[in-house]
>>> print(open('work_26.tsv').read())   # TSV, C-alpha atoms and all ligand atoms
chain	number	residue	atom	x	y	z
A	15	MET	CA	32.45	-10.92	-9.20
A	16	LEU	CA	28.84	-10.87	-8.07
A	17	SER	CA	26.13	-11.29	-10.69
A	18	GLN	CA	23.77	-8.33	-10.96
A	19	THR	CA	20.99	-10.49	-9.51
A	20	MET	CA	23.05	-11.41	-6.43
A	21	GLU	CA	24.29	-7.84	-6.01
A	22	LYS	CA	20.70	-6.57	-5.97
A	23	ALA	CA	19.60	-9.33	-3.57
A	24	PHE	CA	22.49	-8.70	-1.15
A	25	ASN	CA	21.78	-4.97	-1.26
A	26	ASP	CA	18.13	-5.64	-0.40
A	27	GLN	CA	19.33	-7.68	2.57
A	28	VAL	CA	21.54	-4.79	3.81
A	29	LYS	CA	18.35	-2.72	3.89
A	30	TRP	CA	16.47	-5.45	5.80
A	31	GLU	CA	19.23	-5.81	8.40
A	32	LEU	CA	19.31	-2.03	8.88
A	33	TYR	CA	15.52	-2.04	9.21
A	34	SER	CA	15.87	-4.77	11.87
A	35	SER	CA	18.32	-2.59	13.77
A	36	TYR	CA	15.92	0.34	13.47
A	37	LEU	CA	13.01	-1.81	14.69
A	38	TYR	CA	14.92	-3.02	17.76
A	39	LEU	CA	16.03	0.51	18.61
A	40	SER	CA	12.37	1.53	18.53
A	41	MET	CA	11.49	-1.42	20.77
A	42	SER	CA	14.35	-0.49	23.12
A	43	SER	CA	12.96	2.99	23.58
A	44	TYR	CA	9.45	1.58	24.12
A	45	CYS	CA	10.71	-0.83	26.81
A	46	ASN	CA	12.70	1.95	28.45
A	47	ASN	CA	9.52	4.00	28.75
A	48	LEU	CA	7.80	1.05	30.43
A	49	GLY	CA	10.52	1.17	33.08
A	50	LEU	CA	12.01	-2.12	31.86
A	51	ALA	CA	15.69	-1.17	31.58
A	52	GLY	CA	16.78	-4.80	31.11
A	53	PHE	CA	14.38	-5.33	28.19
A	54	ALA	CA	15.57	-2.02	26.75
A	55	ASN	CA	19.17	-3.21	27.05
A	56	TRP	CA	18.41	-6.53	25.32
A	57	MET	CA	16.77	-4.69	22.41
A	58	ARG	CA	19.65	-2.24	22.18
A	59	MET	CA	22.16	-5.10	22.01
A	60	GLN	CA	19.97	-6.77	19.38
A	61	ALA	CA	20.00	-3.53	17.36
A	62	GLN	CA	23.83	-3.60	17.46
A	63	GLU	CA	23.83	-7.21	16.33
A	64	GLU	CA	21.61	-6.33	13.36
A	65	LEU	CA	23.93	-3.48	12.43
A	66	PHE	CA	26.76	-6.01	12.48
A	67	HIS	CA	24.72	-8.25	10.13
A	68	ALA	CA	24.12	-5.30	7.78
A	69	MET	CA	27.86	-4.50	7.72
A	70	LYS	CA	28.70	-8.12	7.03
A	71	PHE	CA	26.55	-8.01	3.86
A	72	TYR	CA	27.82	-4.51	2.99
A	73	ASP	CA	31.47	-5.58	3.20
A	74	TYR	CA	30.80	-8.79	1.31
A	75	ILE	CA	29.20	-6.95	-1.64
A	76	MET	CA	32.40	-4.91	-2.03
A	77	GLU	CA	34.69	-7.86	-1.41
A	78	ARG	CA	33.04	-9.48	-4.45
A	79	GLY	CA	33.56	-6.40	-6.61
A	80	GLY	CA	30.02	-5.07	-6.24
A	81	ARG	CA	28.62	-1.75	-5.13
A	82	ALA	CA	26.65	-1.25	-1.91
A	83	ILE	CA	23.76	1.06	-2.72
A	84	MET	CA	21.85	2.54	0.21
A	85	GLN	CA	18.07	2.34	0.03
A	86	PRO	CA	15.28	4.05	1.96
A	87	ILE	CA	14.49	2.34	5.26
A	88	ASP	CA	10.87	2.21	6.41
A	89	ALA	CA	9.93	3.66	9.79
A	90	PRO	CA	9.30	0.85	12.31
A	91	PRO	CA	6.27	0.84	14.64
A	92	SER	CA	6.71	2.70	17.92
A	93	GLU	CA	3.91	1.27	20.06
A	94	TRP	CA	3.20	-2.27	21.27
A	95	GLY	CA	0.85	-3.91	23.74
A	96	GLY	CA	3.37	-4.64	26.52
A	97	PRO	CA	6.51	-6.80	26.95
A	98	LEU	CA	4.98	-10.06	25.72
A	99	ASP	CA	3.60	-8.40	22.59
A	100	VAL	CA	7.03	-6.87	21.87
A	101	PHE	CA	8.78	-10.24	22.02
A	102	GLU	CA	6.05	-11.92	19.97
A	103	LYS	CA	6.67	-9.28	17.31
A	104	VAL	CA	10.44	-9.90	17.53
A	105	LEU	CA	9.84	-13.60	16.90
A	106	GLU	CA	7.53	-12.82	13.98
A	107	HIS	CA	10.16	-10.49	12.52
A	108	GLU	CA	13.00	-12.99	12.94
A	109	LYS	CA	10.93	-15.67	11.18
A	110	HIS	CA	10.44	-13.23	8.33
A	111	VAL	CA	14.19	-12.59	8.17
A	112	THR	CA	14.87	-16.34	8.19
A	113	GLY	CA	12.59	-16.61	5.14
A	114	LEU	CA	14.55	-13.84	3.41
A	115	ILE	CA	17.89	-15.55	4.13
A	116	HIS	CA	16.55	-18.87	2.80
A	117	THR	CA	15.31	-17.16	-0.36
A	118	LEU	CA	18.79	-15.63	-0.78
A	119	ALA	CA	20.36	-19.07	-0.32
A	120	ASP	CA	18.00	-20.51	-2.98
A	121	LEU	CA	18.95	-17.67	-5.31
A	122	ALA	CA	22.69	-18.32	-4.77
A	123	LEU	CA	22.11	-21.94	-5.79
A	124	ASP	CA	20.11	-20.90	-8.87
A	125	GLU	CA	22.88	-18.47	-9.83
A	126	ARG	CA	25.57	-21.09	-9.17
A	127	ASP	CA	27.21	-18.61	-6.82
A	128	HIS	CA	29.13	-21.11	-4.69
A	129	ALA	CA	31.06	-18.46	-2.76
A	130	GLY	CA	27.80	-16.68	-1.98
A	131	SER	CA	26.29	-19.97	-0.78
A	132	ILE	CA	29.16	-20.47	1.69
A	133	PHE	CA	28.86	-16.88	2.90
A	134	LEU	CA	25.13	-17.37	3.55
A	135	GLN	CA	25.66	-20.50	5.66
A	136	TRP	CA	26.70	-18.31	8.61
A	137	PHE	CA	23.40	-16.43	8.42
A	138	ILE	CA	21.37	-19.63	8.15
A	139	SER	CA	22.89	-20.86	11.43
A	140	GLU	CA	22.57	-17.43	13.02
A	141	GLN	CA	18.83	-17.36	12.29
A	142	VAL	CA	18.33	-20.75	13.97
A	143	GLU	CA	20.03	-19.34	17.08
A	144	GLU	CA	18.10	-16.06	16.99
A	145	GLU	CA	14.71	-17.74	16.62
A	146	ALA	CA	15.50	-20.20	19.44
A	147	THR	CA	16.61	-17.42	21.83
A	148	VAL	CA	13.53	-15.30	21.14
A	149	ALA	CA	11.12	-18.26	21.26
A	150	ASP	CA	12.52	-19.10	24.70
A	151	LEU	CA	11.91	-15.54	25.92
A	152	VAL	CA	8.35	-15.56	24.52
A	153	HIS	CA	7.77	-18.85	26.35
A	154	LYS	CA	9.09	-17.41	29.64
A	155	LEU	CA	6.93	-14.29	29.26
A	156	ARG	CA	3.84	-16.42	28.67
A	157	LEU	CA	4.67	-18.49	31.77
A	158	ILE	CA	4.90	-15.43	33.99
A	159	GLY	CA	1.89	-13.81	32.35
A	160	GLY	CA	3.98	-10.83	31.24
A	161	GLU	CA	3.79	-9.10	34.62
A	162	GLY	CA	4.59	-9.07	38.35
A	163	GLN	CA	7.76	-10.24	40.07
A	164	GLY	CA	8.55	-12.71	37.29
A	165	LEU	CA	8.71	-9.83	34.85
A	166	LEU	CA	11.13	-7.91	37.07
A	167	MET	CA	13.34	-11.01	37.43
A	168	LEU	CA	13.40	-11.46	33.66
A	169	ASP	CA	14.19	-7.76	33.27
A	170	LYS	CA	17.22	-8.25	35.54
A	171	GLU	CA	18.32	-11.26	33.46
A	172	LEU	CA	18.03	-9.27	30.21
A	173	SER	CA	20.06	-6.40	31.64
A	174	ALA	CA	23.14	-8.65	31.52
A	175	ARG	CA	23.18	-9.02	27.74
A	176	VAL	CA	26.21	-7.58	25.98
A	177	PHE	CA	27.09	-7.63	22.29
A	178	THR	CA	30.53	-8.78	21.25
A	179	PRO	CA	31.06	-9.21	17.50
A	180	PRO	CA	32.28	-12.75	16.66
A	181	ALA	CA	36.09	-12.60	16.35
A	182	GLN	CA	36.43	-14.40	13.00
A	183	ALA	CA	33.34	-12.89	11.36
A	201	LIG	FE1	19.88	-10.15	11.17
A	201	LIG	FE2	17.99	-10.93	13.53
A	201	LIG	O1	18.65	-11.26	11.85
>>> encode(input="work_26.tsv", output="structure tokens", more="lines below")
Ligand code: FEO
Amino acid sequence: MLSQTMEKAFNDQVKWELYSSYLYLSMSSYCNNLGLAGFANWMRMQAQEELFHAMKFYDYIMERGGRAIMQPIDAPPSEWGGPLDVFEKVLEHEKHVTGLIHTLADLALDERDHAGSIFLQWFISEQVEEEATVADLVHKLRLIGGEGQGLLMLDKELSARVFTPPAQA
């Protein structure tokens, strides 16, 4: 059974993961309007991945005998200053989420919630991967100056992204 503290903290994280999905959907639409269909696809796949994260927390709360309580989700921004700015904001957001996951992991230790600690390990590794992927894209965008033929080539690369939920997750 989850402690009330852990139940509240996991519920807050469901909200954050849903907000992340909402943010990336907004970014997808923005990129689509710029004519960058590949960027829009990448963001759309990222939104699906965040929804998967939210559901992973949601299911876990109930698996531990808790109750998933839906909370209001803030409206994300809808305008950015071009493709580089968008990805810089993604990186900023993912760093924020990493901080939230680490705070949750600290809380699980404080609460002596060993099962919760194991559950959170997957998210700790996932955040390392997410930050590395986005940092690489920010680096590439800075190299090409966020425009021209390089941008179109990157757009083509990003159009190939698909989201497949991990089999054992
Ligand atoms: Fe759910 Fe991008 O972290």
>>> closest_atom_pairs(input="work_26.tsv", of="chain A", to="ligand LIG 201 (chain A)", cutoff="6 Å", atoms="all atoms listed in the file", output="CSV")
residue,atom,partner,partner_atom,distance
A:Glu31,CA,A:LIG201,FE1,5.2
A:Glu64,CA,A:LIG201,FE1,4.7
A:His67,CA,A:LIG201,FE1,5.3
A:Glu108,CA,A:LIG201,FE2,5.4
A:Val111,CA,A:LIG201,O1,5.9
>>> closest_residue(input="work_26.tsv", among="A:Ile115, A:Cys45, A:Met59, A:Ile75", to="Ser139 (chain A)", atoms="only C-alpha atoms")
A:Ile115
>>> atom_distance(input="work_26.tsv", atom1="CA of Met15 (chain A)", atom2="CA of Leu134 (chain A)")
16.1 Å
>>> closest_residue(input="work_26.tsv", among="A:Leu151, A:Ala54, A:Ala82, A:Leu32", to="Gln18 (chain A)", atoms="all atoms listed in the file")
A:Ala82
>>> residues_around(input="work_26.tsv", residues="Ser35 (chain A)", least_positions_apart="5", cutoff="9 Å", atoms="all atoms listed in the file", output="PyMOL selection string")
chain A and resi 30+40+58+60-65+68
>>> atom_distance(input="work_26.tsv", atom1="CA of Glu106 (chain A)", atom2="CA of Val152 (chain A)")
10.9 Å
>>> atom_distance(input="work_26.tsv", atom1="CA of Arg175 (chain A)", atom2="CA of Met57 (chain A)")
9.4 Å
>>> residues_around(input="work_26.tsv", residues="Tyr72 (chain A)", least_positions_apart="6", cutoff="10 Å", atoms="all atoms listed in the file", output="PyMOL selection string")
chain A and resi 24-25+27-29+66+80-84
>>> closest_atom_pairs(input="work_26.tsv", of="region 137-179 of chain A", to="region 93-101 of chain A", cutoff="12 Å", atoms="only C-alpha atoms", output="Markdown table")
| residue | atom | partner | partner_atom | distance |
| --- | --- | --- | --- | --- |
| A:Glu145 | CA | A:Phe101 | CA | 11.0 |
| A:Thr147 | CA | A:Phe101 | CA | 10.6 |
| A:Val148 | CA | A:Phe101 | CA | 7.0 |
| A:Ala149 | CA | A:Phe101 | CA | 8.4 |
| A:Asp150 | CA | A:Phe101 | CA | 10.0 |
| A:Leu151 | CA | A:Phe101 | CA | 7.3 |
| A:Val152 | CA | A:Phe101 | CA | 5.9 |
| A:His153 | CA | A:Leu98 | CA | 9.2 |
| A:Lys154 | CA | A:Leu98 | CA | 9.3 |
| A:Leu155 | CA | A:Leu98 | CA | 5.9 |
| A:Arg156 | CA | A:Leu98 | CA | 7.1 |
| A:Leu157 | CA | A:Leu98 | CA | 10.4 |
| A:Ile158 | CA | A:Leu98 | CA | 9.9 |
| A:Gly159 | CA | A:Leu98 | CA | 8.2 |
| A:Gly160 | CA | A:Leu98 | CA | 5.7 |
| A:Glu161 | CA | A:Pro97 | CA | 8.5 |
| A:Gly162 | CA | A:Pro97 | CA | 11.8 |
| A:Leu165 | CA | A:Pro97 | CA | 8.7 |
| A:Leu166 | CA | A:Pro97 | CA | 11.2 |
| A:Leu168 | CA | A:Pro97 | CA | 10.7 |
| A:Asp169 | CA | A:Pro97 | CA | 10.0 |
>>> closest_residue(input="work_26.tsv", among="A:Ser92, A:Asn46, A:Gln135, A:Gln141", to="Gly113 (chain A)", atoms="all atoms listed in the file")
A:Gln141
>>> closest_residue(input="work_26.tsv", among="A:Trp56, A:Leu50, A:Ala89, A:Phe71", to="Asp26 (chain A)", atoms="all atoms listed in the file")
A:Phe71
>>> decode(input="work_26.tsv", residues="region 74-183 of chain A", atoms="C-alpha atoms", output="PDB file, in the first residue's frame")
ATOM      1  CA  TYR A  74       1.309   1.985 -10.593  1.00  0.00           C
ATOM      2  CA  ILE A  75      -0.722   4.097  -8.138  1.00  0.00           C
ATOM      3  CA  MET A  76      -3.610   1.632  -8.479  1.00  0.00           C
ATOM      4  CA  GLU A  77      -1.367  -1.424  -8.438  1.00  0.00           C
ATOM      5  CA  ARG A  78      -0.225  -0.249  -4.994  1.00  0.00           C
ATOM      6  CA  GLY A  79      -3.789   0.176  -3.745  1.00  0.00           C
ATOM      7  CA  GLY A  80      -3.917   3.947  -4.237  1.00  0.00           C
ATOM      8  CA  ARG A  81      -6.279   6.215  -6.095  1.00  0.00           C
ATOM      9  CA  ALA A  82      -5.327   8.186  -9.207  1.00  0.00           C
ATOM     10  CA  ILE A  83      -6.858  11.633  -8.866  1.00  0.00           C
ATOM     11  CA  MET A  84      -6.904  13.825 -11.964  1.00  0.00           C
ATOM     12  CA  GLN A  85      -5.705  17.398 -11.509  1.00  0.00           C
ATOM     13  CA  PRO A  86      -5.983  20.521 -13.662  1.00  0.00           C
ATOM     14  CA  ILE A  87      -3.301  20.722 -16.342  1.00  0.00           C
ATOM     15  CA  ASP A  88      -1.848  24.132 -17.203  1.00  0.00           C
ATOM     16  CA  ALA A  89      -2.025  25.386 -20.783  1.00  0.00           C
ATOM     17  CA  PRO A  90       1.415  25.127 -22.439  1.00  0.00           C
ATOM     18  CA  PRO A  91       2.903  27.978 -24.508  1.00  0.00           C
ATOM     19  CA  SER A  92       1.936  28.035 -28.179  1.00  0.00           C
ATOM     20  CA  GLU A  93       4.622  30.263 -29.704  1.00  0.00           C
ATOM     21  CA  TRP A  94       8.405  29.906 -29.899  1.00  0.00           C
ATOM     22  CA  GLY A  95      11.237  31.632 -31.716  1.00  0.00           C
ATOM     23  CA  GLY A  96      11.944  28.955 -34.350  1.00  0.00           C
ATOM     24  CA  PRO A  97      13.158  25.322 -34.382  1.00  0.00           C
ATOM     25  CA  LEU A  98      16.272  25.873 -32.255  1.00  0.00           C
ATOM     26  CA  ASP A  99      14.295  27.731 -29.598  1.00  0.00           C
ATOM     27  CA  VAL A 100      11.726  24.903 -29.498  1.00  0.00           C
ATOM     28  CA  PHE A 101      14.375  22.257 -28.869  1.00  0.00           C
ATOM     29  CA  GLU A 102      16.148  24.428 -26.299  1.00  0.00           C
ATOM     30  CA  LYS A 103      12.831  24.644 -24.453  1.00  0.00           C
ATOM     31  CA  VAL A 104      12.397  20.852 -24.727  1.00  0.00           C
ATOM     32  CA  LEU A 105      15.812  20.375 -23.120  1.00  0.00           C
ATOM     33  CA  GLU A 106      14.962  22.867 -20.381  1.00  0.00           C
ATOM     34  CA  HIS A 107      11.682  21.048 -19.728  1.00  0.00           C
ATOM     35  CA  GLU A 108      13.294  17.602 -19.652  1.00  0.00           C
ATOM     36  CA  LYS A 109      15.885  18.850 -17.138  1.00  0.00           C
ATOM     37  CA  HIS A 110      13.014  20.073 -14.996  1.00  0.00           C
ATOM     38  CA  VAL A 111      11.320  16.664 -15.233  1.00  0.00           C
ATOM     39  CA  THR A 112      14.595  14.942 -14.312  1.00  0.00           C
ATOM     40  CA  GLY A 113      14.670  17.101 -11.166  1.00  0.00           C
ATOM     41  CA  LEU A 114      11.095  16.053 -10.339  1.00  0.00           C
ATOM     42  CA  ILE A 115      11.931  12.351 -10.779  1.00  0.00           C
ATOM     43  CA  HIS A 116      15.007  12.705  -8.561  1.00  0.00           C
ATOM     44  CA  THR A 117      12.937  14.447  -5.882  1.00  0.00           C
ATOM     45  CA  LEU A 118      10.436  11.560  -6.084  1.00  0.00           C
ATOM     46  CA  ALA A 119      13.291   9.057  -5.719  1.00  0.00           C
ATOM     47  CA  ASP A 120      14.576  10.961  -2.645  1.00  0.00           C
ATOM     48  CA  LEU A 121      11.066  10.906  -1.195  1.00  0.00           C
ATOM     49  CA  ALA A 122      10.753   7.136  -1.769  1.00  0.00           C
ATOM     50  CA  LEU A 123      13.984   6.671   0.195  1.00  0.00           C
ATOM     51  CA  ASP A 124      12.762   8.938   3.013  1.00  0.00           C
ATOM     52  CA  GLU A 125       9.485   7.003   3.136  1.00  0.00           C
ATOM     53  CA  ARG A 126      11.326   3.660   3.024  1.00  0.00           C
ATOM     54  CA  ASP A 127       9.201   2.759   0.018  1.00  0.00           C
ATOM     55  CA  HIS A 128      11.534   0.161  -1.498  1.00  0.00           C
ATOM     56  CA  ALA A 129       9.060  -0.965  -4.164  1.00  0.00           C
ATOM     57  CA  GLY A 130       8.547   2.656  -5.189  1.00  0.00           C
ATOM     58  CA  SER A 131      12.323   3.131  -5.396  1.00  0.00           C
ATOM     59  CA  ILE A 132      12.635   0.192  -7.809  1.00  0.00           C
ATOM     60  CA  PHE A 133       9.732   1.485  -9.894  1.00  0.00           C
ATOM     61  CA  LEU A 134      11.408   4.906 -10.176  1.00  0.00           C
ATOM     62  CA  GLN A 135      14.711   3.462 -11.421  1.00  0.00           C
ATOM     63  CA  TRP A 136      13.185   3.034 -14.895  1.00  0.00           C
ATOM     64  CA  PHE A 137      12.331   6.743 -15.013  1.00  0.00           C
ATOM     65  CA  ILE A 138      15.782   7.774 -13.792  1.00  0.00           C
ATOM     66  CA  SER A 139      17.366   5.893 -16.727  1.00  0.00           C
ATOM     67  CA  GLU A 140      14.715   7.155 -19.130  1.00  0.00           C
ATOM     68  CA  GLN A 141      15.515  10.777 -18.229  1.00  0.00           C
ATOM     69  CA  VAL A 142      19.228  10.245 -18.932  1.00  0.00           C
ATOM     70  CA  GLU A 143      18.279   8.966 -22.395  1.00  0.00           C
ATOM     71  CA  GLU A 144      15.773  11.760 -23.052  1.00  0.00           C
ATOM     72  CA  GLU A 145      18.176  14.529 -22.059  1.00  0.00           C
ATOM     73  CA  ALA A 146      20.973  13.013 -24.178  1.00  0.00           C
ATOM     74  CA  THR A 147      18.735  12.702 -27.271  1.00  0.00           C
ATOM     75  CA  VAL A 148      17.468  16.269 -26.984  1.00  0.00           C
ATOM     76  CA  ALA A 149      20.907  17.729 -26.182  1.00  0.00           C
ATOM     77  CA  ASP A 150      22.203  16.075 -29.363  1.00  0.00           C
ATOM     78  CA  LEU A 151      19.420  17.661 -31.425  1.00  0.00           C
ATOM     79  CA  VAL A 152      20.070  21.090 -29.866  1.00  0.00           C
ATOM     80  CA  HIS A 153      23.756  20.665 -30.737  1.00  0.00           C
ATOM     81  CA  LYS A 154      22.932  19.755 -34.355  1.00  0.00           C
ATOM     82  CA  LEU A 155      20.564  22.720 -34.684  1.00  0.00           C
ATOM     83  CA  ARG A 156      23.239  25.079 -33.371  1.00  0.00           C
ATOM     84  CA  LEU A 157      25.741  23.636 -35.865  1.00  0.00           C
ATOM     85  CA  ILE A 158      23.447  24.250 -38.826  1.00  0.00           C
ATOM     86  CA  GLY A 159      22.365  27.633 -37.486  1.00  0.00           C
ATOM     87  CA  GLY A 160      18.732  26.511 -37.314  1.00  0.00           C
ATOM     88  CA  GLU A 161      18.091  27.122 -41.011  1.00  0.00           C
ATOM     89  CA  GLY A 162      18.839  26.287 -44.664  1.00  0.00           C
ATOM     90  CA  GLN A 163      19.484  22.889 -46.201  1.00  0.00           C
ATOM     91  CA  GLY A 164      20.794  21.468 -42.928  1.00  0.00           C
ATOM     92  CA  LEU A 165      17.442  22.193 -41.337  1.00  0.00           C
ATOM     93  CA  LEU A 166      15.588  20.382 -44.120  1.00  0.00           C
ATOM     94  CA  MET A 167      17.910  17.370 -43.782  1.00  0.00           C
ATOM     95  CA  LEU A 168      17.306  17.260 -40.036  1.00  0.00           C
ATOM     96  CA  ASP A 169      13.572  17.567 -40.674  1.00  0.00           C
ATOM     97  CA  LYS A 170      13.777  14.479 -42.910  1.00  0.00           C
ATOM     98  CA  GLU A 171      15.684  12.609 -40.185  1.00  0.00           C
ATOM     99  CA  LEU A 172      13.064  13.515 -37.562  1.00  0.00           C
ATOM    100  CA  SER A 173      10.224  12.367 -39.804  1.00  0.00           C
ATOM    101  CA  ALA A 174      11.405   8.777 -39.279  1.00  0.00           C
ATOM    102  CA  ARG A 175      10.719   8.703 -35.548  1.00  0.00           C
ATOM    103  CA  VAL A 176       8.071   6.248 -34.404  1.00  0.00           C
ATOM    104  CA  PHE A 177       6.889   5.469 -30.894  1.00  0.00           C
ATOM    105  CA  THR A 178       6.700   1.859 -29.784  1.00  0.00           C
ATOM    106  CA  PRO A 179       5.944   1.298 -26.091  1.00  0.00           C
ATOM    107  CA  PRO A 180       8.635  -0.868 -24.432  1.00  0.00           C
ATOM    108  CA  ALA A 181       7.350  -4.467 -24.393  1.00  0.00           C
ATOM    109  CA  GLN A 182       8.015  -5.243 -20.718  1.00  0.00           C
ATOM    110  CA  ALA A 183       7.059  -1.821 -19.353  1.00  0.00           C
TER     111      ALA A 183
END
